[in-house]
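*Asks:* Quick one: structure below, then a few questions.
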Amino acid sequence: MRSRASLVFILAIATLVMITAAQVQGARTVTVPKYTVIPVVLDNTVSSATNKVGDRFEGHCYGTNCGGFPANTTFVGKLTVVQPKQPKAPGKLKAEITSAILPDGTQIAVSALPSNEQGIAKEGTTGKSAKPQNRRTGTVAGGAIGAIAGGWAGAAIGTGAGYLVGKAVEGEYTDVTIPAGTKGYITLTAPAKYQVK
């Protein structure tokens, strides 16, 4: 009786191993190459006035071409430098993206930099200074618009990205605020891999 129970147990284990092996064989690895450009929209506002170093932020791929990632993949990063505006210096932000969350919940490591649509990485963006006669629009012409106009290339998103600097009017500086919904691009600085069934 014991030998029969042992045989059934061994057969059950062998079947489980075979099923698991078949599932692994059915999965394939997708490699997203280095320098792949991904269109991304920021999901939460970041600002040198309110955020702190280490704060997490997210953005997601939009459109039909996510550079090899599934549609609606979320990219996660953290702020590495946050400096509020000073009397003689604008607010500054620096950040890096470290992971991606696929639509099925799988999280993978990534490394990316802000870029333009052609994949040319940018070290940062300087906000424009308003002319004296346009002082009412000074803050609008500062870092926030610089970030929006430059997309995430001006938002310092990615490993080693430069500072985003905002300037309001001559001699007057502003904090950097990048609102949720800002669209731009990121470029991978290393290949990223994930598995699909």
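If you're wondering about the labels, chains in the structure tokens are A, B, ... by order shown, residues count from 1 in each chain, ligands from 1 in order shown.
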Which residues come within 8 Å of Gln83 of chain A, counting only C-alpha atoms, excluding same-chain residues fewer than 2 positions away, as a VMD selection string?
*Replies:* chain A and resid 48 to 49 81 85 91 to 93
*Asks:* Generate the output file for the selected residues, N, CA and C atoms, as a short mmCIF file (atom, residue, chain, number, x, y, z; two decimals), in the first residue's frame.
*Replies:*
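Below you can see out.cif, which holds the result:
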data_model
loop_
_atom_site.label_atom_id
_atom_site.label_comp_id
_atom_site.auth_asym_id
_atom_site.auth_seq_id
_atom_site.Cartn_x
_atom_site.Cartn_y
_atom_site.Cartn_z
N SER A 48 9.83 71.50 -7.85
CA SER A 48 10.93 71.79 -6.92
C SER A 48 10.42 72.50 -5.67
N ALA A 49 9.19 73.01 -5.72
CA ALA A 49 8.63 73.71 -4.56
C ALA A 49 8.04 72.75 -3.53
N VAL A 81 17.53 64.92 -7.10
CA VAL A 81 17.89 66.27 -6.65
C VAL A 81 16.63 67.12 -6.69
N LYS A 85 13.52 77.18 -5.45
CA LYS A 85 14.09 78.43 -5.95
C LYS A 85 14.77 79.19 -4.82
N GLY A 91 14.67 77.09 -9.25
CA GLY A 91 14.45 75.75 -8.73
C GLY A 91 15.04 74.72 -9.67
N LYS A 92 15.43 73.58 -9.12
CA LYS A 92 16.06 72.54 -9.94
C LYS A 92 15.50 71.17 -9.57
N LEU A 93 15.41 70.32 -10.57
CA LEU A 93 15.00 68.93 -10.37
C LEU A 93 15.94 68.02 -11.14
#
*Asks:* Could you work out how far atom CA of Pro84 of chain A lies from atom CA of Ala109 of chain A, giving the answer in Å with one decimal?
*Replies:* 29.6 Å
*Asks:* Leaving out Val46 of chain A and any residue of its chain fewer than 5 positions from it, which residues lie within 8 Å of it when counting only C-alpha atoms, given as a list in words?
*Replies:*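 Here the qualifying residues turn out to be Asn51, Phe57, Thr177, Ile178, Pro179 and Ala180 of chain A.
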*Asks:* Can you spit out the residues from that selection as a PDB file, in the first residue's frame, using C-alpha atoms?
*Replies:*
ATOM      1  CA  ASN A  51       8.711  67.498  -3.779  1.00  0.00           C
ATOM      2  CA  PHE A  57       6.865  59.576  -9.872  1.00  0.00           C
ATOM      3  CA  THR A 177       6.801  72.532 -11.949  1.00  0.00           C
ATOM      4  CA  ILE A 178       6.126  69.771 -14.453  1.00  0.00           C
ATOM      5  CA  PRO A 179       2.389  69.093 -14.507  1.00  0.00           C
ATOM      6  CA  ALA A 180       0.743  65.711 -14.833  1.00  0.00           C
TER       7      ALA A 180
END
*Asks:* Using only C-alpha atoms, pick whichever of A:Tyr173, A:Leu42, A:Gly68, A:Ser115 has the shortest atom-to-atom distance to Thr29 of chain A.
*Replies:* A:Gly68
*Asks:* Just to confirm, what's the straight-line distance from atom CA of Thr189 of chain A to atom CA of Thr64 of chain A in Å (one decimal)?
*Replies:*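 A separation of 21.8 Å between them.
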*Asks:* Enumerate the residues of segment 16-91 of chain A with a DSSP assignment of helix (DSSP H, G or I), computed from the backbone, and present them as a list in words.
*Replies:*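 Checking each residue of segment 16-91 of chain A, the helix (DSSP H, G or I) ones are Leu16, Val17, Met18, Ile19, Thr20, Ala21, Ala22, Gln23, Val24, Gln25 and Gly26 of chain A.
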*Asks:* Between atom CA of Asn65 of chain A and atom CA of Gly77 of chain A, measure the distance and give it in Å to one decimal.
*Replies:* 21.0 Å
*Asks:* Choose the residue, out of A:Asp175, A:Glu58, A:Asp104, A:Asp43, that has the smallest atom-to-atom separation from Ala89 of chain A; count only C-alpha atoms.
*Replies:*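 Counting only C-alpha atoms, the residue closest to Ala89 of chain A is A:Asp175.
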